[in-house]
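Participant: I am sharing protein-v4.cif, which consists of mmCIF, N, CA and C atoms:
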```
data_model
#
loop_
_atom_site.label_atom_id
_atom_site.label_comp_id
_atom_site.auth_asym_id
_atom_site.auth_seq_id
_atom_site.Cartn_x
_atom_site.Cartn_y
_atom_site.Cartn_z
N MET A 1 -19.70 2.47 23.70
CA MET A 1 -19.33 3.35 22.61
C MET A 1 -18.09 4.16 22.97
N ALA A 2 -17.96 4.51 24.24
CA ALA A 2 -16.81 5.29 24.68
C ALA A 2 -15.51 4.50 24.51
N ILE A 3 -15.56 3.21 24.74
CA ILE A 3 -14.37 2.39 24.58
C ILE A 3 -13.96 2.33 23.11
N PHE A 4 -14.93 2.21 22.22
CA PHE A 4 -14.65 2.19 20.79
C PHE A 4 -14.01 3.50 20.34
N LEU A 5 -14.57 4.62 20.78
CA LEU A 5 -14.02 5.93 20.40
C LEU A 5 -12.61 6.13 20.96
N LYS A 6 -12.38 5.68 22.17
CA LYS A 6 -11.04 5.81 22.75
C LYS A 6 -10.04 4.93 22.00
N THR A 7 -10.48 3.74 21.58
CA THR A 7 -9.62 2.86 20.80
C THR A 7 -9.28 3.49 19.46
N VAL A 8 -10.26 4.07 18.80
CA VAL A 8 -10.03 4.76 17.53
C VAL A 8 -9.07 5.93 17.74
N ASP A 9 -9.23 6.65 18.83
CA ASP A 9 -8.34 7.76 19.15
C ASP A 9 -6.90 7.28 19.30
N ILE A 10 -6.70 6.21 20.03
CA ILE A 10 -5.35 5.68 20.24
C ILE A 10 -4.75 5.17 18.94
N ILE A 11 -5.52 4.45 18.16
CA ILE A 11 -5.02 3.90 16.89
C ILE A 11 -4.62 5.01 15.93
N THR A 12 -5.46 6.02 15.78
CA THR A 12 -5.13 7.11 14.86
C THR A 12 -3.92 7.90 15.34
N THR A 13 -3.79 8.09 16.63
CA THR A 13 -2.63 8.80 17.17
C THR A 13 -1.35 7.99 16.93
N VAL A 14 -1.40 6.71 17.21
CA VAL A 14 -0.22 5.86 17.01
C VAL A 14 0.17 5.79 15.53
N LEU A 15 -0.79 5.63 14.65
CA LEU A 15 -0.49 5.59 13.21
C LEU A 15 0.14 6.90 12.74
N THR A 16 -0.40 8.01 13.19
CA THR A 16 0.14 9.31 12.80
C THR A 16 1.58 9.46 13.29
N ILE A 17 1.84 9.08 14.53
CA ILE A 17 3.19 9.19 15.08
C ILE A 17 4.16 8.27 14.35
N ILE A 18 3.74 7.06 14.04
CA ILE A 18 4.61 6.13 13.32
C ILE A 18 4.95 6.66 11.93
N ILE A 19 3.98 7.23 11.25
CA ILE A 19 4.25 7.80 9.92
C ILE A 19 5.19 8.99 10.03
N LEU A 20 5.00 9.84 11.02
CA LEU A 20 5.90 10.98 11.22
C LEU A 20 7.32 10.52 11.54
N ILE A 21 7.45 9.50 12.38
CA ILE A 21 8.78 8.97 12.70
C ILE A 21 9.44 8.41 11.45
N ARG A 22 8.66 7.72 10.63
CA ARG A 22 9.21 7.17 9.40
C ARG A 22 9.75 8.27 8.49
N VAL A 23 9.00 9.35 8.39
CA VAL A 23 9.45 10.48 7.56
C VAL A 23 10.74 11.06 8.11
N LEU A 24 10.79 11.28 9.41
CA LEU A 24 12.00 11.84 10.02
C LEU A 24 13.20 10.91 9.88
N VAL A 25 12.98 9.63 10.08
CA VAL A 25 14.07 8.66 9.94
C VAL A 25 14.55 8.62 8.49
N SER A 26 13.65 8.74 7.54
CA SER A 26 14.05 8.69 6.14
C SER A 26 14.94 9.87 5.75
N TRP A 27 14.84 10.98 6.47
CA TRP A 27 15.70 12.13 6.19
C TRP A 27 17.13 11.89 6.65
N TYR A 28 17.31 11.08 7.69
CA TYR A 28 18.63 10.93 8.30
C TYR A 28 19.26 9.56 8.10
N ALA A 29 18.48 8.55 7.76
CA ALA A 29 19.01 7.20 7.61
C ALA A 29 18.67 6.68 6.22
N GLY A 30 19.58 5.93 5.68
CA GLY A 30 19.35 5.35 4.36
C GLY A 30 18.52 4.09 4.44
N PRO A 31 18.17 3.55 3.28
CA PRO A 31 17.33 2.35 3.24
C PRO A 31 18.00 1.11 3.81
N LYS A 32 19.31 1.14 4.03
CA LYS A 32 20.00 -0.01 4.61
C LYS A 32 19.99 0.03 6.13
N ASN A 33 19.55 1.12 6.70
CA ASN A 33 19.50 1.27 8.15
C ASN A 33 18.37 0.42 8.72
N ALA A 34 18.62 -0.26 9.84
CA ALA A 34 17.63 -1.15 10.45
C ALA A 34 16.41 -0.39 10.95
N ILE A 35 16.61 0.79 11.50
CA ILE A 35 15.48 1.59 12.01
C ILE A 35 14.60 2.03 10.84
N TYR A 36 15.23 2.45 9.76
CA TYR A 36 14.48 2.85 8.58
C TYR A 36 13.66 1.67 8.04
N ARG A 37 14.30 0.51 7.94
CA ARG A 37 13.59 -0.67 7.41
C ARG A 37 12.42 -1.06 8.31
N PHE A 38 12.59 -0.94 9.64
CA PHE A 38 11.51 -1.27 10.56
C PHE A 38 10.30 -0.36 10.36
N PHE A 39 10.54 0.96 10.31
CA PHE A 39 9.42 1.89 10.14
C PHE A 39 8.85 1.81 8.73
N ASP A 40 9.67 1.49 7.75
CA ASP A 40 9.16 1.27 6.40
C ASP A 40 8.24 0.06 6.38
N TRP A 41 8.62 -1.00 7.08
CA TRP A 41 7.80 -2.20 7.17
C TRP A 41 6.47 -1.92 7.87
N LEU A 42 6.51 -1.08 8.92
CA LEU A 42 5.29 -0.74 9.65
C LEU A 42 4.32 0.10 8.81
N THR A 43 4.86 1.01 8.02
CA THR A 43 4.01 1.96 7.30
C THR A 43 3.68 1.53 5.87
N ARG A 44 4.36 0.55 5.35
CA ARG A 44 4.14 0.14 3.96
C ARG A 44 2.68 -0.21 3.66
N PRO A 45 1.94 -0.92 4.53
CA PRO A 45 0.54 -1.22 4.20
C PRO A 45 -0.33 0.02 4.03
N PHE A 46 0.03 1.12 4.67
CA PHE A 46 -0.75 2.35 4.56
C PHE A 46 -0.27 3.24 3.41
N LEU A 47 1.03 3.25 3.17
CA LEU A 47 1.58 4.17 2.19
C LEU A 47 1.65 3.59 0.78
N ALA A 48 1.81 2.28 0.64
CA ALA A 48 1.96 1.68 -0.69
C ALA A 48 0.77 1.94 -1.60
N PRO A 49 -0.48 1.79 -1.14
CA PRO A 49 -1.60 2.10 -2.04
C PRO A 49 -1.63 3.58 -2.47
N LEU A 50 -1.24 4.45 -1.56
CA LEU A 50 -1.23 5.87 -1.90
C LEU A 50 -0.12 6.19 -2.89
N ARG A 51 1.00 5.49 -2.78
CA ARG A 51 2.11 5.73 -3.71
C ARG A 51 1.76 5.34 -5.14
N ARG A 52 0.84 4.39 -5.28
CA ARG A 52 0.41 4.01 -6.63
C ARG A 52 -0.46 5.10 -7.25
N ILE A 53 -1.11 5.91 -6.41
CA ILE A 53 -2.02 6.95 -6.89
C ILE A 53 -1.32 8.30 -7.01
N ILE A 54 -0.51 8.63 -6.01
CA ILE A 54 0.11 9.94 -5.93
C ILE A 54 1.53 9.86 -6.49
N PRO A 55 1.81 10.59 -7.56
CA PRO A 55 3.17 10.54 -8.11
C PRO A 55 4.15 11.34 -7.25
N ARG A 56 5.40 10.94 -7.32
CA ARG A 56 6.44 11.68 -6.61
C ARG A 56 6.71 12.98 -7.36
N VAL A 57 7.09 13.99 -6.62
CA VAL A 57 7.47 15.27 -7.22
C VAL A 57 8.96 15.43 -6.96
N GLY A 58 9.76 15.09 -7.96
CA GLY A 58 11.20 15.09 -7.77
C GLY A 58 11.55 14.00 -6.76
N ARG A 59 12.20 14.41 -5.68
CA ARG A 59 12.53 13.46 -4.62
C ARG A 59 11.52 13.46 -3.49
N LEU A 60 10.48 14.27 -3.62
CA LEU A 60 9.49 14.40 -2.55
C LEU A 60 8.37 13.38 -2.72
N ASP A 61 8.06 12.72 -1.62
CA ASP A 61 6.98 11.74 -1.58
C ASP A 61 5.89 12.30 -0.68
N PHE A 62 4.75 12.61 -1.25
CA PHE A 62 3.66 13.21 -0.49
C PHE A 62 2.70 12.18 0.09
N SER A 63 2.96 10.90 -0.11
CA SER A 63 2.04 9.88 0.40
C SER A 63 1.95 9.88 1.94
N PRO A 64 3.02 10.14 2.70
CA PRO A 64 2.84 10.22 4.16
C PRO A 64 1.92 11.36 4.58
N LEU A 65 2.04 12.49 3.91
CA LEU A 65 1.17 13.63 4.22
C LEU A 65 -0.29 13.30 3.92
N VAL A 66 -0.53 12.69 2.78
CA VAL A 66 -1.90 12.31 2.41
C VAL A 66 -2.44 11.26 3.38
N ALA A 67 -1.59 10.31 3.78
CA ALA A 67 -2.02 9.28 4.73
C ALA A 67 -2.42 9.91 6.06
N ILE A 68 -1.64 10.86 6.55
CA ILE A 68 -1.97 11.52 7.81
C ILE A 68 -3.27 12.30 7.68
N VAL A 69 -3.47 12.98 6.57
CA VAL A 69 -4.72 13.71 6.36
C VAL A 69 -5.91 12.75 6.34
N ILE A 70 -5.77 11.62 5.67
CA ILE A 70 -6.86 10.63 5.62
C ILE A 70 -7.13 10.06 7.01
N ILE A 71 -6.08 9.74 7.74
CA ILE A 71 -6.26 9.20 9.10
C ILE A 71 -6.98 10.22 9.98
N GLN A 72 -6.58 11.48 9.90
CA GLN A 72 -7.21 12.51 10.72
C GLN A 72 -8.65 12.77 10.28
N LEU A 73 -8.92 12.66 8.98
CA LEU A 73 -10.28 12.82 8.48
C LEU A 73 -11.19 11.71 8.99
N ILE A 74 -10.70 10.48 8.94
CA ILE A 74 -11.47 9.35 9.48
C ILE A 74 -11.73 9.55 10.97
N TYR A 75 -10.72 9.97 11.69
CA TYR A 75 -10.86 10.24 13.13
C TYR A 75 -11.93 11.30 13.37
N PHE A 76 -11.87 12.39 12.62
CA PHE A 76 -12.85 13.47 12.78
C PHE A 76 -14.26 12.99 12.47
N LEU A 77 -14.42 12.28 11.36
CA LEU A 77 -15.75 11.82 10.97
C LEU A 77 -16.34 10.84 11.98
N LEU A 78 -15.52 9.91 12.45
CA LEU A 78 -16.02 8.96 13.45
C LEU A 78 -16.44 9.67 14.73
N PHE A 79 -15.62 10.58 15.20
CA PHE A 79 -15.98 11.29 16.43
C PHE A 79 -17.17 12.22 16.24
N HIS A 80 -17.26 12.83 15.07
CA HIS A 80 -18.34 13.76 14.81
C HIS A 80 -19.70 13.04 14.71
N PHE A 81 -19.72 11.89 14.04
CA PHE A 81 -20.98 11.19 13.80
C PHE A 81 -21.34 10.19 14.89
N LEU A 82 -20.40 9.74 15.67
CA LEU A 82 -20.69 8.73 16.68
C LEU A 82 -20.85 9.30 18.09
N ARG A 83 -20.63 10.55 18.27
CA ARG A 83 -20.80 11.15 19.60
C ARG A 83 -22.22 11.47 19.86
#
```
Taking this structure as input, can you express it in the form of structure tokens?

Facilitator:
Amino acid sequence: MAIFLKTVDIITTVLTIIILIRVLVSWYAGPKNAIYRFFDWLTRPFLAPLRRIIPRVGRLDFSPLVAIVIIQLIYFLLFHFLR
């Protein structure tokens, strides 16, 4: 069980960091930038379903924030109930 929890910990941490990097890169690089396209490709499976549900507010996209909250909630629930 400890190996499973550690794996979940690593996966949630990596996903959160990748989403944060994507947000930061999107502020400084345009969609034609290779780094932006790479992180967009990595995060699209997680953010695309949320973008269909959560509307943009002007130029602000809140789907990365919601994705991070969901990832952290899953992490908390798994650790809370499986320990």

Participant: Could you please determine the separation between atom CA of Leu15 of chain A and atom N of Trp41 of chain A in Å, to one decimal place?

Facilitator: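 Taking atom CA of Leu15 of chain A and atom N of Trp41 of chain A, their separation equals 12.8 Å.
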
Participant: Kindly indicate which residue among A:Arg52, A:Lys32, A:Arg22, A:Lys6 lies nearest to Leu78 of chain A, using only C-alpha atoms for the distances.

Facilitator: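 Checking each candidate against Leu78 of chain A, we get A:Lys6 as the closest.
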
Participant: May I ask which of the residues A:Ile3, A:Ile11, A:Ile68, A:Ile21 is the closest one to Leu47 of chain A, counting only C-alpha atoms?

Facilitator: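 Nearest candidate to Leu47 of chain A out of A:Ile3, A:Ile11, A:Ile68, A:Ile21: A:Ile68.
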
Participant: Tell me which protein, DNA and RNA residues are within 7 Å of Val25 of chain A, counting only N, CA and C atoms, leaving out same-chain ones fewer than 4 positions away, and put them as a short mmCIF file (atom, residue, chain, number, x, y, z; two decimals) with N, CA and C atoms, in the frame of the given file.

Facilitator:
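Result written to around-v5.cif:
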```
data_model
loop_
_atom_site.label_atom_id
_atom_site.label_comp_id
_atom_site.auth_asym_id
_atom_site.auth_seq_id
_atom_site.Cartn_x
_atom_site.Cartn_y
_atom_site.Cartn_z
N LEU A 20 5.00 9.84 11.02
CA LEU A 20 5.90 10.98 11.22
C LEU A 20 7.32 10.52 11.54
N ILE A 21 7.45 9.50 12.38
CA ILE A 21 8.78 8.97 12.70
C ILE A 21 9.44 8.41 11.45
N ALA A 29 18.48 8.55 7.76
CA ALA A 29 19.01 7.20 7.61
C ALA A 29 18.67 6.68 6.22
N GLY A 30 19.58 5.93 5.68
CA GLY A 30 19.35 5.35 4.36
C GLY A 30 18.52 4.09 4.44
N ILE A 35 16.61 0.79 11.50
CA ILE A 35 15.48 1.59 12.01
C ILE A 35 14.60 2.03 10.84
N TYR A 36 15.23 2.45 9.76
CA TYR A 36 14.48 2.85 8.58
C TYR A 36 13.66 1.67 8.04
#
```

Participant: I'd like the interatomic distance between atom CA of Thr7 of chain A and atom CA of Asp40 of chain A, to a tenth of an Å.

Facilitator: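 Atom CA of Thr7 of chain A sits 23.7 Å away from atom CA of Asp40 of chain A.
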
Participant: If you run DSSP on the backbone here, which positions in chain A get helix (DSSP H, G or I)? Please write them as a VMD selection string.

Facilitator: chain A and resid 2 to 28 34 to 53 63 to 82

Participant: Please report the interatomic distance between atom C of Arg51 of chain A and atom C of Asn33 of chain A in Å with one decimal.

Facilitator: 22.2 Å

Participant: Running the PyMOL selection byres (((chain A and resi 83 and name CA) around 10) and name CA) on this model by hand, what would come out? Give it as an mmCIF file with N, CA and C atoms, in the frame of the given file.

Facilitator:
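Saved as part23.cif:
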```
data_model
loop_
_atom_site.group_PDB
_atom_site.id
_atom_site.type_symbol
_atom_site.label_atom_id
_atom_site.label_comp_id
_atom_site.auth_asym_id
_atom_site.auth_seq_id
_atom_site.Cartn_x
_atom_site.Cartn_y
_atom_site.Cartn_z
ATOM 1 N N MET A 1 -19.700 2.470 23.700
ATOM 2 C CA MET A 1 -19.330 3.350 22.610
ATOM 3 C C MET A 1 -18.090 4.160 22.970
ATOM 4 N N ALA A 2 -17.960 4.510 24.240
ATOM 5 C CA ALA A 2 -16.810 5.290 24.680
ATOM 6 C C ALA A 2 -15.510 4.500 24.510
ATOM 7 N N LEU A 5 -14.570 4.620 20.780
ATOM 8 C CA LEU A 5 -14.020 5.930 20.400
ATOM 9 C C LEU A 5 -12.610 6.130 20.960
ATOM 10 N N LEU A 78 -15.520 9.910 12.450
ATOM 11 C CA LEU A 78 -16.020 8.960 13.450
ATOM 12 C C LEU A 78 -16.440 9.670 14.730
ATOM 13 N N PHE A 79 -15.620 10.580 15.200
ATOM 14 C CA PHE A 79 -15.980 11.290 16.430
ATOM 15 C C PHE A 79 -17.170 12.220 16.240
ATOM 16 N N HIS A 80 -17.260 12.830 15.070
ATOM 17 C CA HIS A 80 -18.340 13.760 14.810
ATOM 18 C C HIS A 80 -19.700 13.040 14.710
ATOM 19 N N PHE A 81 -19.720 11.890 14.040
ATOM 20 C CA PHE A 81 -20.980 11.190 13.800
ATOM 21 C C PHE A 81 -21.340 10.190 14.890
ATOM 22 N N LEU A 82 -20.400 9.740 15.670
ATOM 23 C CA LEU A 82 -20.690 8.730 16.680
ATOM 24 C C LEU A 82 -20.850 9.300 18.090
#
```

Participant: Produce the centre coordinates and the three edge lengths, each in Å to one decimal, of the box along x, y and z that contains all listed atoms of segment 15-30 of chain A with 3 Å added on each side, as AutoDock Vina command-line options.

Facilitator:
```
--center_x 9.4 --center_y 8.1 --center_z 9.7 --size_x 26.4 --size_y 14.0 --size_z 16.7
```

Participant: The PyMOL selection byres (((chain A and resi 61 and name CA) around 12) and name CA) on the file shown: which residues, as a PyMOL selection string?

Facilitator: chain A and resi 23+26-27+47-48+50-60+62-67

Participant: Pick out the closest residue to Asp9 of chain A from this set: A:Phe46, A:Tyr75, A:Tyr28, A:Phe39. Count only C-alpha atoms.

Facilitator: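 Closest to Asp9 of chain A, using only C-alpha atoms: A:Tyr75.
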